[in-house]
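Enquirer: Can you read through this structure? Questions will come right after.
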Amino acid sequence: TVSDVPRTDYPGIVDYFTNFLKLEPQGKIESGNVIVGTNWAQDAGIYEFTMGVNGAKVKGRYTFIYVFEDGEWKISQHHSSVMPEGTKPQPISEEEVKNLFQLWNSALATEDPDAVAKRYASKAVLLPTVSDVPRTDYPGIVDYFTNFLKLEPQGKIESGNVIVGTNWAQDAGIYEFTMGVNGAKVKGRYTF
């Protein structure tokens, strides 16, 4: 919530919490939505931390993806970002959020990695479907799609859940890609 650096390994996660815990944070979920799948679950919404050291409050969006691993539920992915304050609300409907996937999927059909990468925000984080490497900048996102688009992927949402907030929206669920080069299918979880 209070760092712009993605933490993708154990030492990075420990480093973040070593510093964050010095603020003596206490969190409270204000609103959330839970989706449960087979050996995975997602909890996404808005939470607020009160910092024990000074009483400051920090409100943020969160997403936890949990997986059942080694006999217990563990965090597989955790996204947290401070709420955008002081901006004029831009309304968007649930249907418009769902249509954003179609814009992205249409960009895939162009087979132009730059066209796909331009669908991402300036500080986006891409956790790719067919790569274990997080992409945290524009060149990295272009690099992923340069290779992925060679497979001629076309996606279809099988199930999804949309949450709309002030100047943000989330679409999360299960999608499946059909690869045009060989007809192979790849199913995965997604969060936009």
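Residue names in the structure tokens use chain letters A, B, ... in the order shown, residue numbers from 1 in each chain, and ligand numbers from 1 in the order shown.
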Using only C-alpha atoms, which residues sit within 12 Å of Ala56 of chain A once same-chain residues fewer than 3 positions away are excluded, as a PyMOL selection string?

Expert: chain A and resi 23-27+48-53+59

Enquirer: Restricting the calculation to only C-alpha atoms: of A:Thr63, A:Pro84, A:Gln154, A:Ser76, which residue gets closest to Leu103 of chain A?

Expert: A:Gln154

Enquirer: Using only C-alpha atoms, which of the listed residues (A:Val133, A:Ile29, A:Leu126, A:Leu149) sits closest to Pro113 of chain A?

Expert: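 Nearest candidate to Pro113 of chain A out of A:Val133, A:Ile29, A:Leu126, A:Leu149: A:Leu149.
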
Enquirer: Considering only C-alpha atoms, return as a list in words whatever protein or nucleic-acid residues lie within 6 Å of segment 1-14 of chain A, sequence-local ones (same chain, fewer than 3 positions apart) excluded.

Expert: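 Near neighbours after the sequence-gap exclusion: Phe17, Thr18, Ser80, Ser81 and Val82 of chain A.
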
Enquirer: For the residues in that selection, give me all heavy atoms as a PDB file, in the first residue's frame.

Expert:
```pdb
ATOM      1  N   PHE A  17       7.510  -5.483   4.733  1.00  0.00           N
ATOM      2  CA  PHE A  17       6.828  -5.545   6.026  1.00  0.00           C
ATOM      3  C   PHE A  17       7.737  -5.115   7.176  1.00  0.00           C
ATOM      4  O   PHE A  17       7.246  -4.605   8.185  1.00  0.00           O
ATOM      5  CB  PHE A  17       6.207  -6.917   6.253  1.00  0.00           C
ATOM      6  CG  PHE A  17       4.941  -7.091   5.459  1.00  0.00           C
ATOM      7  CD1 PHE A  17       4.912  -7.911   4.351  1.00  0.00           C
ATOM      8  CD2 PHE A  17       3.795  -6.388   5.796  1.00  0.00           C
ATOM      9  CE1 PHE A  17       3.755  -8.046   3.596  1.00  0.00           C
ATOM     10  CE2 PHE A  17       2.635  -6.510   5.054  1.00  0.00           C
ATOM     11  CZ  PHE A  17       2.609  -7.344   3.947  1.00  0.00           C
ATOM     12  N   THR A  18       9.048  -5.273   7.049  1.00  0.00           N
ATOM     13  CA  THR A  18       9.962  -4.760   8.072  1.00  0.00           C
ATOM     14  C   THR A  18       9.752  -3.257   8.238  1.00  0.00           C
ATOM     15  O   THR A  18       9.695  -2.746   9.360  1.00  0.00           O
ATOM     16  CB  THR A  18      11.424  -5.063   7.690  1.00  0.00           C
ATOM     17  OG1 THR A  18      11.598  -6.476   7.643  1.00  0.00           O
ATOM     18  CG2 THR A  18      12.388  -4.459   8.699  1.00  0.00           C
ATOM     19  N   SER A  80      -2.134  -4.024  -3.433  1.00  0.00           N
ATOM     20  CA  SER A  80      -2.667  -2.986  -2.572  1.00  0.00           C
ATOM     21  C   SER A  80      -2.179  -1.650  -3.098  1.00  0.00           C
ATOM     22  O   SER A  80      -0.996  -1.486  -3.383  1.00  0.00           O
ATOM     23  CB  SER A  80      -2.175  -3.198  -1.130  1.00  0.00           C
ATOM     24  OG  SER A  80      -2.736  -2.243  -0.266  1.00  0.00           O
ATOM     25  N   SER A  81      -3.090  -0.710  -3.253  1.00  0.00           N
ATOM     26  CA  SER A  81      -2.690   0.612  -3.719  1.00  0.00           C
ATOM     27  C   SER A  81      -3.529   1.672  -3.024  1.00  0.00           C
ATOM     28  O   SER A  81      -4.716   1.475  -2.760  1.00  0.00           O
ATOM     29  CB  SER A  81      -2.825   0.732  -5.240  1.00  0.00           C
ATOM     30  OG  SER A  81      -4.153   0.493  -5.640  1.00  0.00           O
ATOM     31  N   VAL A  82      -2.886   2.787  -2.741  1.00  0.00           N
ATOM     32  CA  VAL A  82      -3.563   3.905  -2.089  1.00  0.00           C
ATOM     33  C   VAL A  82      -4.665   4.401  -3.009  1.00  0.00           C
ATOM     34  O   VAL A  82      -4.509   4.468  -4.231  1.00  0.00           O
ATOM     35  CB  VAL A  82      -2.548   5.032  -1.773  1.00  0.00           C
ATOM     36  CG1 VAL A  82      -3.254   6.246  -1.210  1.00  0.00           C
ATOM     37  CG2 VAL A  82      -1.496   4.536  -0.805  1.00  0.00           C
TER      38      VAL A  82
END
```

Enquirer: Where in segment 36-124 of chain A does DSSP assign alpha helix (DSSP H), given as a PyMOL selection string?

Expert: chain A and resi 94-109+113-117

Enquirer: Using only C-alpha atoms, please write the residues we just selected to a file, as a compact mmCIF listing (two decimals), in the first residue's frame.

Expert:
```
# COMPACT_ATOMS: atom_id res chain seq x y z
CA GLU A 94 -20.45 -2.77 -14.96
CA GLU A 95 -21.19 -3.43 -18.65
CA GLU A 96 -18.58 -0.86 -19.72
CA VAL A 97 -16.01 -2.57 -17.47
CA LYS A 98 -16.79 -5.93 -19.10
CA ASN A 99 -16.35 -4.31 -22.54
CA LEU A 100 -12.83 -3.18 -21.59
CA PHE A 101 -11.81 -6.85 -21.86
CA GLN A 102 -13.10 -6.87 -25.44
CA LEU A 103 -10.95 -3.82 -26.26
CA TRP A 104 -7.93 -5.68 -24.87
CA ASN A 105 -8.86 -8.88 -26.71
CA SER A 106 -9.27 -6.88 -29.95
CA ALA A 107 -5.79 -5.44 -29.39
CA LEU A 108 -4.49 -9.04 -29.18
CA ALA A 109 -6.07 -9.74 -32.58
CA PRO A 113 2.55 -5.86 -29.07
CA ASP A 114 2.59 -2.06 -28.88
CA ALA A 115 -1.18 -1.88 -29.43
CA VAL A 116 -1.73 -4.32 -26.55
CA ALA A 117 0.79 -2.61 -24.24
```

Enquirer: Which of these residues is nearest to Lys150 of chain A, using only C-alpha atoms: A:Asn167, A:Gln90, A:Met179, A:Tyr16?

Expert: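 Ranking A:Asn167, A:Gln90, A:Met179, A:Tyr16 by distance to Lys150 of chain A, first place goes to A:Met179.
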
Enquirer: Run DSSP on the backbone and tell me which residues of chain A come out as strand (DSSP E or B); list them as a PyMOL selection string.

Expert: chain A and resi 25-37+40-51+57-69+72-82+126+135+153-165+168-179+185-191

Enquirer: Distance atom CA of Phe192 of chain A-atom CA of Phe68 of chain A, one decimal place?

Expert: 22.5 Å

Enquirer: So, with only C-alpha atoms as the atoms that count, which of A:Asn33, A:Asn147, A:Asn54, A:Asn19 lies closest to Val130 of chain A?

Expert: A:Asn147

Enquirer: What does the distance from atom CA of Ala184 of chain A to atom CA of Thr38 of chain A come to in Å, to one decimal?

Expert: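 These atoms are spaced 22.5 Å apart.
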
Enquirer: With distances taken over only C-alpha atoms, which residue among A:Gly71, A:Thr146, A:Asp15, A:Ala172 lies nearest Ala41 of chain A?

Expert: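 That would be A:Ala172, the residue with the smallest distance to Ala41 of chain A.
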
Enquirer: Near Gly173 of chain A, within 10 Å and counting only C-alpha atoms, which residues show up once chain neighbours fewer than 5 positions away are dropped, as a PyMOL selection string?

Expert: chain A and resi 35-37+42+157-162+188-192

Enquirer: Measuring between only C-alpha atoms, which one of A:Val67, A:Val142, A:Phe20, A:Trp40 shows the shortest distance to Ile174 of chain A?

Expert: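 Counting only C-alpha atoms, the residue closest to Ile174 of chain A is A:Trp40.
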
Enquirer: Quick one: residues within 7 Å of Ser31 of chain A, only C-alpha atoms, excluding same-chain residues fewer than 2 positions away - as a list in words?

Expert: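 With the cut-off at 7 Å, the set is Ile29, Gly45, Ile46 and Tyr47 of chain A.
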
Enquirer: For atom CA of Thr110 of chain A and atom CA of Ala169 of chain A, determine how far apart the two atoms are, in Å to one decimal place.

Expert: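 Those two atoms sit 25.1 Å apart.
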